[in-house]
Amino acid sequence: MTSRQIDEHRRSLADPEGFWREAAVAIDWERRWDKLLDDSDAPFYRWFRGGRLNTCWNALDRHVENGRADQCALIYDSPMTGTVKRFSYRALRDEVAKLAGALQSLGVTRGDRVLIYMPMVPETVMAFLACARIGAVHSVVFGGFAAPELAARIDDAKPKVILAGSCGIEPGRIVAYKPLLDQAIELAQHKPGATVVLQRPQHPCALVAGRDHDWHELVGKATPADCVMVEATDPLYILYTSGTTGQPKGIVRDNGGHAVALQWSMENIYGVKPGEVFFAASDVGWVVGHSYIVYAPLLCGCTTVLFEGKPVGTPDAGAYWRVIAEHGVTALFTAPTAFRAIRRDDPDGTFIRQYDLSKFRTLFLAGERADPATVQWAEHHLQRPVIDHWWQTETGWPVSANCVGLGVQPVKHGSATRVVPGYDLQVLGPDNAAVKPGEIGALCMKLPLPPGCSPTLWQADARYIQAYLTDYPGYYSTADAGFIDEDGYVFVMTRTDDIINVAGHRLSTGAMEEVLSAHPDVAECAVIGVADALKGQVPLGLLVLKAGAKTGHATVAEDVVALVRARIGPVASFKLAMVVKRLPKTRSGKTLRGTMRAIADGETYKVPATIDDPAVLDEITDYLRSVGLAKAKL
Ligand code: COA
Ligand code: AMP
């Protein structure tokens, strides 16, 4: 089949309203919109203004009404607890309606925020949908964050209620969520009215009288709630993501544009049809989990897999193949880092051959650059298309992809294929003009962005403009740099800001520097991302101590590692810190991050002519060698 992606892309830009009007037919609306694209408050564009719908209705109830009541909607597969549970669309709808009723019994109504701090269990999916059902706005916080990060999100979102699990389960350890939650509520200025705690048998917790409710008790008493219709432009959720400072950005997703874009993406990008099984091996705490574990597969009438496990070690590197074979998965979506882990443990693909993968058609990778070696390894062993595609929390769905549903195109290793219909992607130079094909520049999207993309930041319009719309007037800046080749293939090469990508998780080096600076002996510091064979990048902290600091170097390094874990969380994977006499800087005082990164990555580098003290580079090199990172100097 020849690909229709280029034609569809052209059509989407020539007539965006016509294109999205057609796509919107796939969604049930209580009231049709007045204005398909409202540009009256540009640069804040709103899609489907005046339309009314309910996302939970579209994800569950309508399928129950339309013949899918007994089809499986959700498969919970947990090697962590040795459990597999299946929920039909009817069963999931009924559970969600009861949980929604429980939220109403706590006074939650349309527009109220509900924070979700929960592990990968079916009740978490129900929590998303219960909020959507009554028009409440959920904000999910990933379990690998520490209490201060949770507190920052509580203060920003100001939730009326918090839904929490008693614990998460990581290989070899239980993560007790409740003490983290209690500490976060203690730290936060805003206090939620109530919390609802799901007691997991692996680690139940004590409840605070008058504030904490037992999940099952509360839900058991609740009256099932009907869907509350909301405006298409009402927020469905807030999801916090790393910015360049310690203050995370609250990405907002609306109801109407989100439903239309995600439903369109399932059939056209992922090539998946209603009734088929989709497996996004991510975490519900990230955007991939929001879009492709929860909303998109259910909007489309598919079966979604919620996997509480890891690509390796639960129990082995065959875990994904077992899930695919056992549940008849059509498409798998995960991060390249997961594949690097699988390849490390099973270099010959032995596990792959042990399972029946006959229903499995396509592997999708995103979250970080898919290195060609990993893609080639996966192609060789799977003998199926391996699709690298690029997107961000802000967009909520892919910007650049091989749209399998529109006809698969040849893969170029290192490229996320072509721009997806709806996005007007340009590569811009510093003068705001498009560069030539093949030249590197800033990857920017001409406004307006298509439906589904974050229209602003939660209660922070000015920050939205400053962060995304200021550097390239008329465009949304992705903060990624790359190029588009002569064939229109997009290559995403690097971030242009202080964000690093660790095991597919987006982290702010600025936020880590804020933590390091808080150590009483640290005068100055820098955190850079250095190449790591498994995680893509890991953070490295460089510390300059205050004159007269009494603590030994090794102790300060250990202290800051512990501090980052306590303040940001284990997800930061911050394990490397070294004390240096001074940071390498230019004579004008700019820290030479690029040079330090090149040293750490073992790349050839040139000692910059502008450096104030070249000897400091040797000191850094010695340390990096001692921890197994190499150098090459010109
Ligand atoms: N709750 C609590 N802690 C968590 C957590 C969670 N939900 N998820 C991760 N952590 C902890 C881990 O236990 C680890 O702690 P440790 O320092 O005590 O070992 C730390 O956070 C770092 O986790 P991670 O980056 O996942 O590294 P890992 O070494 O445990 O596992 C991989 C490496 C490759 C197996 C793992 O990163 C992985 O499965 N990646 C898949 C990619 C993915 O899901 N990406 C999401 C975007 S698509
Ligand atoms: P997140 O918001 O956590 O999804 O992270 C988004 C960032 O991850 C992007 O801005 C990119 O820097 C990076 N990223 C995601 N997917 C890809 C990809 N396929 N290729 C290169 N970088 C990617």
# chains A, B, ... in the order shown; residues from 1 in each chain; ligands from 1
call {"tool": "residues_around", "arguments": {"residues": "A:Arg93", "least_positions_apart": "4", "cutoff": "7 Å", "atoms": "only C-alpha atoms", "output": "ChimeraX atom specification"}}
result
/A:60-61,89,97
call {"tool": "residues_near_ligand", "arguments": {"ligand": "ligand 2", "cutoff": "7 Å", "atoms": "only C-alpha atoms and all ligand atoms", "output": "list of chain:residue names"}}
result
A:Thr241, A:Trp286, A:Val287, A:Leu365, A:Ala366, A:Gly367, A:Glu368, A:Arg369, A:Ala370, A:Asp388, A:His389, A:Trp390, A:Trp391, A:Gln392, A:Thr393, A:Glu394, A:Ala416, A:Thr478, A:Ala479, A:Asp480, A:Val492, A:Met493, A:Thr494, A:Arg495, A:Asn501, A:Gly504, A:His505, A:Arg506
call {"tool": "select_by_dssp", "arguments": {"residues": "stretch 363-602 of chain A", "states": "strand (DSSP E or B)", "output": "NGL selection string"}}
result
:A and (363-365 or 386-388 or 390 or 400-401 or 418-419 or 425-428 or 434 or 441-446 or 457 or 475-484 or 490-495 or 499-502 or 505-508 or 522-532 or 536-545 or 576-579 or 585-586 or 591)
call {"tool": "residues_around", "arguments": {"residues": "A:Glu95", "least_positions_apart": "4", "cutoff": "10 Å", "atoms": "only C-alpha atoms", "output": "VMD selection string"}}
result
chain A and resid 87 89 to 91 99 to 101 123 126 to 127 129 to 130 219 224
call {"tool": "atom_distance", "arguments": {"atom1": "atom CA of A:Val515", "atom2": "atom 22 (C, counted along the ligand's line) of ligand 1"}}
result
17.8 Å
call {"tool": "closest_residue", "arguments": {"among": "A:Thr109, A:Ile251, A:Pro204, A:Asp94", "to": "A:Gly396", "atoms": "only C-alpha atoms"}}
result
A:Ile251
call {"tool": "residues_around", "arguments": {"residues": "stretch 304-319 of chain A", "least_positions_apart": "4", "cutoff": "6 Å", "atoms": "only C-alpha atoms", "output": "list of chain:residue names"}}
result
A:Leu74, A:Ile75, A:Tyr76, A:Asp77, A:Ser78, A:Pro79, A:Met80, A:Met120, A:Val277, A:Phe278, A:Phe279, A:Pro297, A:Ala338, A:Ile342, A:Phe351
call {"tool": "atom_distance", "arguments": {"atom1": "atom CA of A:Pro171", "atom2": "atom CA of A:Pro119"}}
result
13.4 Å
call {"tool": "atom_distance", "arguments": {"atom1": "atom CA of A:Ile116", "atom2": "atom 39 (O, counted along the ligand's line) of ligand 1"}}
result
21.1 Å
call {"tool": "residues_around", "arguments": {"residues": "A:Ser291", "least_positions_apart": "4", "cutoff": "12 Å", "atoms": "only C-alpha atoms", "output": "ChimeraX atom specification"}}
result
/A:59,125,128,236-237,239,253,258-259,261-263,265-266,278-280,282-287,295-300,304,333,391-398,452-453
call {"tool": "write_last_selection", "arguments": {"atoms": "N, CA and C atoms", "output": "short mmCIF file (atom, residue, chain, number, x, y, z; two decimals), in the first residue's frame"}}
result
data_model
loop_
_atom_site.label_atom_id
_atom_site.label_comp_id
_atom_site.auth_asym_id
_atom_site.auth_seq_id
_atom_site.Cartn_x
_atom_site.Cartn_y
_atom_site.Cartn_z
N ALA A 59 -15.05 7.03 25.94
CA ALA A 59 -14.09 5.95 26.16
C ALA A 59 -14.77 4.66 26.64
N VAL A 125 -6.45 3.42 36.39
CA VAL A 125 -7.15 3.71 35.13
C VAL A 125 -8.58 4.17 35.46
N PHE A 128 -8.62 7.85 36.54
CA PHE A 128 -8.59 8.80 35.41
C PHE A 128 -10.02 9.01 34.89
N LEU A 236 -9.34 18.48 30.78
CA LEU A 236 -9.53 17.08 31.17
C LEU A 236 -8.49 16.72 32.23
N TYR A 237 -7.26 17.18 31.97
CA TYR A 237 -6.21 16.90 32.97
C TYR A 237 -5.10 17.93 32.93
N LEU A 239 -0.92 17.69 33.54
CA LEU A 239 0.19 16.77 33.75
C LEU A 239 1.46 17.60 33.85
N ARG A 253 -4.62 19.63 29.17
CA ARG A 253 -5.23 18.95 28.02
C ARG A 253 -6.72 19.24 28.06
N HIS A 258 -8.57 16.78 22.42
CA HIS A 258 -7.86 15.58 22.87
C HIS A 258 -8.55 14.32 22.35
N ALA A 259 -9.86 14.26 22.54
CA ALA A 259 -10.59 13.05 22.12
C ALA A 259 -10.48 12.87 20.60
N ALA A 261 -8.18 14.10 18.45
CA ALA A 261 -6.81 13.82 17.98
C ALA A 261 -6.39 12.39 18.34
N LEU A 262 -6.70 11.97 19.57
CA LEU A 262 -6.25 10.63 19.98
C LEU A 262 -6.98 9.53 19.21
N GLN A 263 -8.27 9.73 19.02
CA GLN A 263 -9.00 8.70 18.26
C GLN A 263 -8.44 8.62 16.83
N SER A 265 -5.47 9.33 15.88
CA SER A 265 -4.10 8.78 15.88
C SER A 265 -4.10 7.25 15.94
N MET A 266 -5.06 6.66 16.63
CA MET A 266 -5.03 5.20 16.79
C MET A 266 -5.11 4.48 15.45
N PHE A 278 -3.83 -3.27 22.28
CA PHE A 278 -2.72 -2.31 22.23
C PHE A 278 -1.98 -2.37 23.56
N PHE A 279 -0.65 -2.37 23.47
CA PHE A 279 0.17 -2.50 24.69
C PHE A 279 1.19 -1.37 24.72
N ALA A 280 0.92 -0.37 25.54
CA ALA A 280 1.91 0.70 25.74
C ALA A 280 2.63 0.38 27.05
N SER A 282 4.56 1.63 29.31
CA SER A 282 5.08 2.86 29.91
C SER A 282 4.51 2.91 31.31
N ASP A 283 4.37 4.10 31.86
CA ASP A 283 3.77 4.24 33.20
C ASP A 283 2.68 5.28 33.07
N VAL A 284 1.59 5.06 33.80
CA VAL A 284 0.48 6.01 33.72
C VAL A 284 0.87 7.41 34.19
N GLY A 285 2.00 7.52 34.87
CA GLY A 285 2.47 8.83 35.34
C GLY A 285 3.03 9.70 34.23
N TRP A 286 3.30 9.13 33.06
CA TRP A 286 3.87 9.91 31.96
C TRP A 286 2.81 10.14 30.89
N VAL A 287 3.13 11.02 29.96
CA VAL A 287 2.14 11.34 28.93
C VAL A 287 1.82 10.11 28.06
N TYR A 295 -6.35 6.68 27.44
CA TYR A 295 -7.41 7.30 26.63
C TYR A 295 -7.54 6.77 25.20
N ALA A 296 -6.45 6.80 24.43
CA ALA A 296 -6.62 6.50 23.01
C ALA A 296 -7.16 5.09 22.74
N PRO A 297 -6.58 4.04 23.36
CA PRO A 297 -7.12 2.71 23.06
C PRO A 297 -8.59 2.58 23.43
N LEU A 298 -9.01 3.19 24.53
CA LEU A 298 -10.41 3.07 24.94
C LEU A 298 -11.31 3.92 24.06
N LEU A 299 -10.87 5.12 23.70
CA LEU A 299 -11.68 5.92 22.77
C LEU A 299 -11.94 5.14 21.50
N CYS A 300 -10.93 4.38 21.09
CA CYS A 300 -11.00 3.66 19.81
C CYS A 300 -11.73 2.33 19.93
N THR A 304 -6.80 -2.43 26.08
CA THR A 304 -5.50 -1.87 26.46
C THR A 304 -4.88 -2.75 27.54
N PHE A 333 4.17 -0.32 22.20
CA PHE A 333 4.76 1.02 22.23
C PHE A 333 5.61 1.08 23.49
N TRP A 391 7.43 12.89 19.95
CA TRP A 391 6.44 13.80 20.50
C TRP A 391 6.84 14.24 21.89
N GLN A 392 6.00 15.04 22.51
CA GLN A 392 6.32 15.58 23.83
C GLN A 392 5.06 15.62 24.68
N THR A 393 5.25 15.77 25.99
CA THR A 393 4.10 15.91 26.88
C THR A 393 3.17 17.01 26.37
N GLU A 394 3.76 18.09 25.91
CA GLU A 394 2.96 19.23 25.47
C GLU A 394 2.02 18.88 24.33
N THR A 395 2.48 18.06 23.38
CA THR A 395 1.64 17.78 22.20
C THR A 395 0.62 16.68 22.52
N GLY A 396 0.99 15.72 23.36
CA GLY A 396 0.05 14.67 23.76
C GLY A 396 -0.09 13.55 22.74
N TRP A 397 0.37 13.77 21.54
CA TRP A 397 0.33 12.73 20.49
C TRP A 397 1.43 13.08 19.49
N PRO A 398 1.78 12.14 18.61
CA PRO A 398 3.01 12.30 17.83
C PRO A 398 3.02 13.47 16.83
N GLY A 452 -5.65 18.70 20.56
CA GLY A 452 -4.97 17.76 21.47
C GLY A 452 -3.74 18.34 22.12
N CYS A 453 -3.11 19.34 21.47
CA CYS A 453 -1.90 19.93 22.06
C CYS A 453 -2.30 20.88 23.18
#
call {"tool": "residues_around", "arguments": {"residues": "A:Thr586", "least_positions_apart": "5", "cutoff": "8 Å", "atoms": "only C-alpha atoms", "output": "list in words"}}
result
Thr591, Leu592, Thr610, Ile611 and Asp612 of chain A
call {"tool": "decode", "arguments": {"residues": "stretch 14-51 of chain A", "atoms": "N, CA, C and O atoms", "output": "PDB file, in the first residue's frame"}}
result
ATOM      1  N   ALA A  14      -3.792  22.639   4.373  1.00  0.00           N
ATOM      2  CA  ALA A  14      -4.542  23.488   3.433  1.00  0.00           C
ATOM      3  C   ALA A  14      -5.928  23.804   3.997  1.00  0.00           C
ATOM      4  O   ALA A  14      -6.440  24.912   3.817  1.00  0.00           O
ATOM      5  N   ASP A  15      -6.519  22.839   4.679  1.00  0.00           N
ATOM      6  CA  ASP A  15      -7.876  23.035   5.195  1.00  0.00           C
ATOM      7  C   ASP A  15      -7.993  22.387   6.578  1.00  0.00           C
ATOM      8  O   ASP A  15      -8.652  21.359   6.745  1.00  0.00           O
ATOM      9  N   PRO A  16      -7.351  23.012   7.584  1.00  0.00           N
ATOM     10  CA  PRO A  16      -7.355  22.375   8.912  1.00  0.00           C
ATOM     11  C   PRO A  16      -8.760  22.153   9.443  1.00  0.00           C
ATOM     12  O   PRO A  16      -9.055  21.102  10.028  1.00  0.00           O
ATOM     13  N   GLU A  17      -9.630  23.116   9.194  1.00  0.00           N
ATOM     14  CA  GLU A  17     -10.980  22.968   9.763  1.00  0.00           C
ATOM     15  C   GLU A  17     -11.714  21.796   9.109  1.00  0.00           C
ATOM     16  O   GLU A  17     -12.383  21.014   9.779  1.00  0.00           O
ATOM     17  N   GLY A  18     -11.557  21.683   7.798  1.00  0.00           N
ATOM     18  CA  GLY A  18     -12.218  20.576   7.091  1.00  0.00           C
ATOM     19  C   GLY A  18     -11.663  19.239   7.573  1.00  0.00           C
ATOM     20  O   GLY A  18     -12.406  18.279   7.807  1.00  0.00           O
ATOM     21  N   PHE A  19     -10.345  19.195   7.738  1.00  0.00           N
ATOM     22  CA  PHE A  19      -9.679  17.953   8.143  1.00  0.00           C
ATOM     23  C   PHE A  19     -10.179  17.498   9.514  1.00  0.00           C
ATOM     24  O   PHE A  19     -10.581  16.350   9.703  1.00  0.00           O
ATOM     25  N   TRP A  20     -10.211  18.436  10.486  1.00  0.00           N
ATOM     26  CA  TRP A  20     -10.568  18.036  11.852  1.00  0.00           C
ATOM     27  C   TRP A  20     -12.080  17.899  12.022  1.00  0.00           C
ATOM     28  O   TRP A  20     -12.538  17.161  12.899  1.00  0.00           O
ATOM     29  N   ARG A  21     -12.851  18.590  11.164  1.00  0.00           N
ATOM     30  CA  ARG A  21     -14.315  18.398  11.203  1.00  0.00           C
ATOM     31  C   ARG A  21     -14.628  16.945  10.845  1.00  0.00           C
ATOM     32  O   ARG A  21     -15.435  16.283  11.488  1.00  0.00           O
ATOM     33  N   GLU A  22     -13.929  16.463   9.830  1.00  0.00           N
ATOM     34  CA  GLU A  22     -14.127  15.077   9.391  1.00  0.00           C
ATOM     35  C   GLU A  22     -13.718  14.095  10.507  1.00  0.00           C
ATOM     36  O   GLU A  22     -14.430  13.131  10.800  1.00  0.00           O
ATOM     37  N   ALA A  23     -12.566  14.376  11.157  1.00  0.00           N
ATOM     38  CA  ALA A  23     -12.088  13.473  12.217  1.00  0.00           C
ATOM     39  C   ALA A  23     -13.036  13.485  13.417  1.00  0.00           C
ATOM     40  O   ALA A  23     -13.205  12.464  14.100  1.00  0.00           O
ATOM     41  N   ALA A  24     -13.668  14.631  13.657  1.00  0.00           N
ATOM     42  CA  ALA A  24     -14.517  14.780  14.854  1.00  0.00           C
ATOM     43  C   ALA A  24     -15.784  13.938  14.787  1.00  0.00           C
ATOM     44  O   ALA A  24     -16.440  13.710  15.809  1.00  0.00           O
ATOM     45  N   VAL A  25     -16.098  13.441  13.604  1.00  0.00           N
ATOM     46  CA  VAL A  25     -17.293  12.600  13.442  1.00  0.00           C
ATOM     47  C   VAL A  25     -17.157  11.311  14.263  1.00  0.00           C
ATOM     48  O   VAL A  25     -18.146  10.714  14.691  1.00  0.00           O
ATOM     49  N   ALA A  26     -15.931  10.900  14.500  1.00  0.00           N
ATOM     50  CA  ALA A  26     -15.709   9.647  15.236  1.00  0.00           C
ATOM     51  C   ALA A  26     -15.990   9.776  16.726  1.00  0.00           C
ATOM     52  O   ALA A  26     -15.920   8.785  17.460  1.00  0.00           O
ATOM     53  N   ILE A  27     -16.289  10.984  17.178  1.00  0.00           N
ATOM     54  CA  ILE A  27     -16.539  11.219  18.608  1.00  0.00           C
ATOM     55  C   ILE A  27     -18.017  11.551  18.800  1.00  0.00           C
ATOM     56  O   ILE A  27     -18.635  12.204  17.948  1.00  0.00           O
ATOM     57  N   ASP A  28     -18.580  11.110  19.938  1.00  0.00           N
ATOM     58  CA  ASP A  28     -19.976  11.459  20.272  1.00  0.00           C
ATOM     59  C   ASP A  28     -20.004  12.832  20.937  1.00  0.00           C
ATOM     60  O   ASP A  28     -19.294  13.046  21.934  1.00  0.00           O
ATOM     61  N   TRP A  29     -20.807  13.731  20.405  1.00  0.00           N
ATOM     62  CA  TRP A  29     -20.937  15.083  20.969  1.00  0.00           C
ATOM     63  C   TRP A  29     -22.353  15.248  21.500  1.00  0.00           C
ATOM     64  O   TRP A  29     -23.317  14.881  20.815  1.00  0.00           O
ATOM     65  N   GLU A  30     -22.496  15.852  22.667  1.00  0.00           N
ATOM     66  CA  GLU A  30     -23.841  16.169  23.138  1.00  0.00           C
ATOM     67  C   GLU A  30     -24.337  17.402  22.386  1.00  0.00           C
ATOM     68  O   GLU A  30     -25.500  17.532  22.061  1.00  0.00           O
ATOM     69  N   ARG A  31     -23.423  18.296  22.119  1.00  0.00           N
ATOM     70  CA  ARG A  31     -23.753  19.511  21.369  1.00  0.00           C
ATOM     71  C   ARG A  31     -22.595  19.782  20.422  1.00  0.00           C
ATOM     72  O   ARG A  31     -21.424  19.682  20.822  1.00  0.00           O
ATOM     73  N   ARG A  32     -22.906  20.115  19.173  1.00  0.00           N
ATOM     74  CA  ARG A  32     -21.869  20.405  18.202  1.00  0.00           C
ATOM     75  C   ARG A  32     -21.240  21.752  18.523  1.00  0.00           C
ATOM     76  O   ARG A  32     -21.872  22.623  19.110  1.00  0.00           O
ATOM     77  N   TRP A  33     -20.020  21.939  18.138  1.00  0.00           N
ATOM     78  CA  TRP A  33     -19.295  23.187  18.395  1.00  0.00           C
ATOM     79  C   TRP A  33     -19.876  24.354  17.595  1.00  0.00           C
ATOM     80  O   TRP A  33     -20.522  24.160  16.559  1.00  0.00           O
ATOM     81  N   ASP A  34     -19.627  25.593  18.092  1.00  0.00           N
ATOM     82  CA  ASP A  34     -19.999  26.792  17.331  1.00  0.00           C
ATOM     83  C   ASP A  34     -18.859  27.185  16.400  1.00  0.00           C
ATOM     84  O   ASP A  34     -19.074  27.662  15.300  1.00  0.00           O
ATOM     85  N   LYS A  35     -17.657  26.993  16.902  1.00  0.00           N
ATOM     86  CA  LYS A  35     -16.498  27.432  16.120  1.00  0.00           C
ATOM     87  C   LYS A  35     -15.455  26.316  16.167  1.00  0.00           C
ATOM     88  O   LYS A  35     -15.023  25.913  17.249  1.00  0.00           O
ATOM     89  N   LEU A  36     -15.098  25.812  15.012  1.00  0.00           N
ATOM     90  CA  LEU A  36     -14.167  24.692  15.002  1.00  0.00           C
ATOM     91  C   LEU A  36     -12.785  25.095  15.514  1.00  0.00           C
ATOM     92  O   LEU A  36     -12.189  24.428  16.343  1.00  0.00           O
ATOM     93  N   LEU A  37     -12.288  26.237  15.024  1.00  0.00           N
ATOM     94  CA  LEU A  37     -11.017  26.756  15.537  1.00  0.00           C
ATOM     95  C   LEU A  37     -11.239  28.202  15.942  1.00  0.00           C
ATOM     96  O   LEU A  37     -11.465  29.064  15.085  1.00  0.00           O
ATOM     97  N   ASP A  38     -11.184  28.448  17.234  1.00  0.00           N
ATOM     98  CA  ASP A  38     -11.410  29.802  17.735  1.00  0.00           C
ATOM     99  C   ASP A  38     -10.053  30.495  17.871  1.00  0.00           C
ATOM    100  O   ASP A  38      -9.243  30.123  18.727  1.00  0.00           O
ATOM    101  N   ASP A  39      -9.824  31.487  16.999  1.00  0.00           N
ATOM    102  CA  ASP A  39      -8.531  32.189  17.052  1.00  0.00           C
ATOM    103  C   ASP A  39      -8.693  33.608  17.600  1.00  0.00           C
ATOM    104  O   ASP A  39      -7.828  34.456  17.427  1.00  0.00           O
ATOM    105  N   SER A  40      -9.841  33.848  18.270  1.00  0.00           N
ATOM    106  CA  SER A  40     -10.129  35.221  18.708  1.00  0.00           C
ATOM    107  C   SER A  40      -9.204  35.675  19.837  1.00  0.00           C
ATOM    108  O   SER A  40      -9.072  36.866  20.084  1.00  0.00           O
ATOM    109  N   ASP A  41      -8.560  34.725  20.505  1.00  0.00           N
ATOM    110  CA  ASP A  41      -7.669  35.099  21.601  1.00  0.00           C
ATOM    111  C   ASP A  41      -6.245  34.614  21.311  1.00  0.00           C
ATOM    112  O   ASP A  41      -5.516  34.193  22.210  1.00  0.00           O
ATOM    113  N   ALA A  42      -5.851  34.653  20.018  1.00  0.00           N
ATOM    114  CA  ALA A  42      -4.508  34.185  19.643  1.00  0.00           C
ATOM    115  C   ALA A  42      -3.463  34.945  20.473  1.00  0.00           C
ATOM    116  O   ALA A  42      -3.680  36.116  20.785  1.00  0.00           O
ATOM    117  N   PRO A  43      -2.369  34.299  20.852  1.00  0.00           N
ATOM    118  CA  PRO A  43      -1.913  32.980  20.439  1.00  0.00           C
ATOM    119  C   PRO A  43      -2.521  31.810  21.222  1.00  0.00           C
ATOM    120  O   PRO A  43      -1.995  30.701  21.149  1.00  0.00           O
ATOM    121  N   PHE A  44      -3.596  32.069  21.971  1.00  0.00           N
ATOM    122  CA  PHE A  44      -4.267  30.943  22.639  1.00  0.00           C
ATOM    123  C   PHE A  44      -5.403  30.477  21.726  1.00  0.00           C
ATOM    124  O   PHE A  44      -6.427  31.143  21.643  1.00  0.00           O
ATOM    125  N   TYR A  45      -5.155  29.395  21.019  1.00  0.00           N
ATOM    126  CA  TYR A  45      -6.148  28.873  20.075  1.00  0.00           C
ATOM    127  C   TYR A  45      -6.962  27.790  20.771  1.00  0.00           C
ATOM    128  O   TYR A  45      -6.415  27.012  21.544  1.00  0.00           O
ATOM    129  N   ARG A  46      -8.267  27.744  20.487  1.00  0.00           N
ATOM    130  CA  ARG A  46      -9.110  26.712  21.089  1.00  0.00           C
ATOM    131  C   ARG A  46      -9.898  25.990  20.006  1.00  0.00           C
ATOM    132  O   ARG A  46     -10.513  26.631  19.152  1.00  0.00           O
ATOM    133  N   TRP A  47      -9.842  24.654  20.064  1.00  0.00           N
ATOM    134  CA  TRP A  47     -10.555  23.837  19.076  1.00  0.00           C
ATOM    135  C   TRP A  47     -11.938  23.465  19.606  1.00  0.00           C
ATOM    136  O   TRP A  47     -12.113  23.238  20.799  1.00  0.00           O
ATOM    137  N   PHE A  48     -12.882  23.385  18.703  1.00  0.00           N
ATOM    138  CA  PHE A  48     -14.254  22.912  18.988  1.00  0.00           C
ATOM    139  C   PHE A  48     -14.952  23.763  20.050  1.00  0.00           C
ATOM    140  O   PHE A  48     -15.681  23.249  20.902  1.00  0.00           O
ATOM    141  N   ARG A  49     -14.716  25.067  20.007  1.00  0.00           N
ATOM    142  CA  ARG A  49     -15.328  25.996  20.972  1.00  0.00           C
ATOM    143  C   ARG A  49     -16.853  25.877  20.919  1.00  0.00           C
ATOM    144  O   ARG A  49     -17.452  25.904  19.844  1.00  0.00           O
ATOM    145  N   GLY A  50     -17.451  25.713  22.083  1.00  0.00           N
ATOM    146  CA  GLY A  50     -18.919  25.625  22.162  1.00  0.00           C
ATOM    147  C   GLY A  50     -19.437  24.195  22.116  1.00  0.00           C
ATOM    148  O   GLY A  50     -20.595  23.948  22.448  1.00  0.00           O
ATOM    149  N   GLY A  51     -18.569  23.252  21.719  1.00  0.00           N
ATOM    150  CA  GLY A  51     -18.992  21.847  21.689  1.00  0.00           C
ATOM    151  C   GLY A  51     -19.096  21.295  23.105  1.00  0.00           C
ATOM    152  O   GLY A  51     -18.407  21.776  24.010  1.00  0.00           O
TER     153      GLY A  51
END
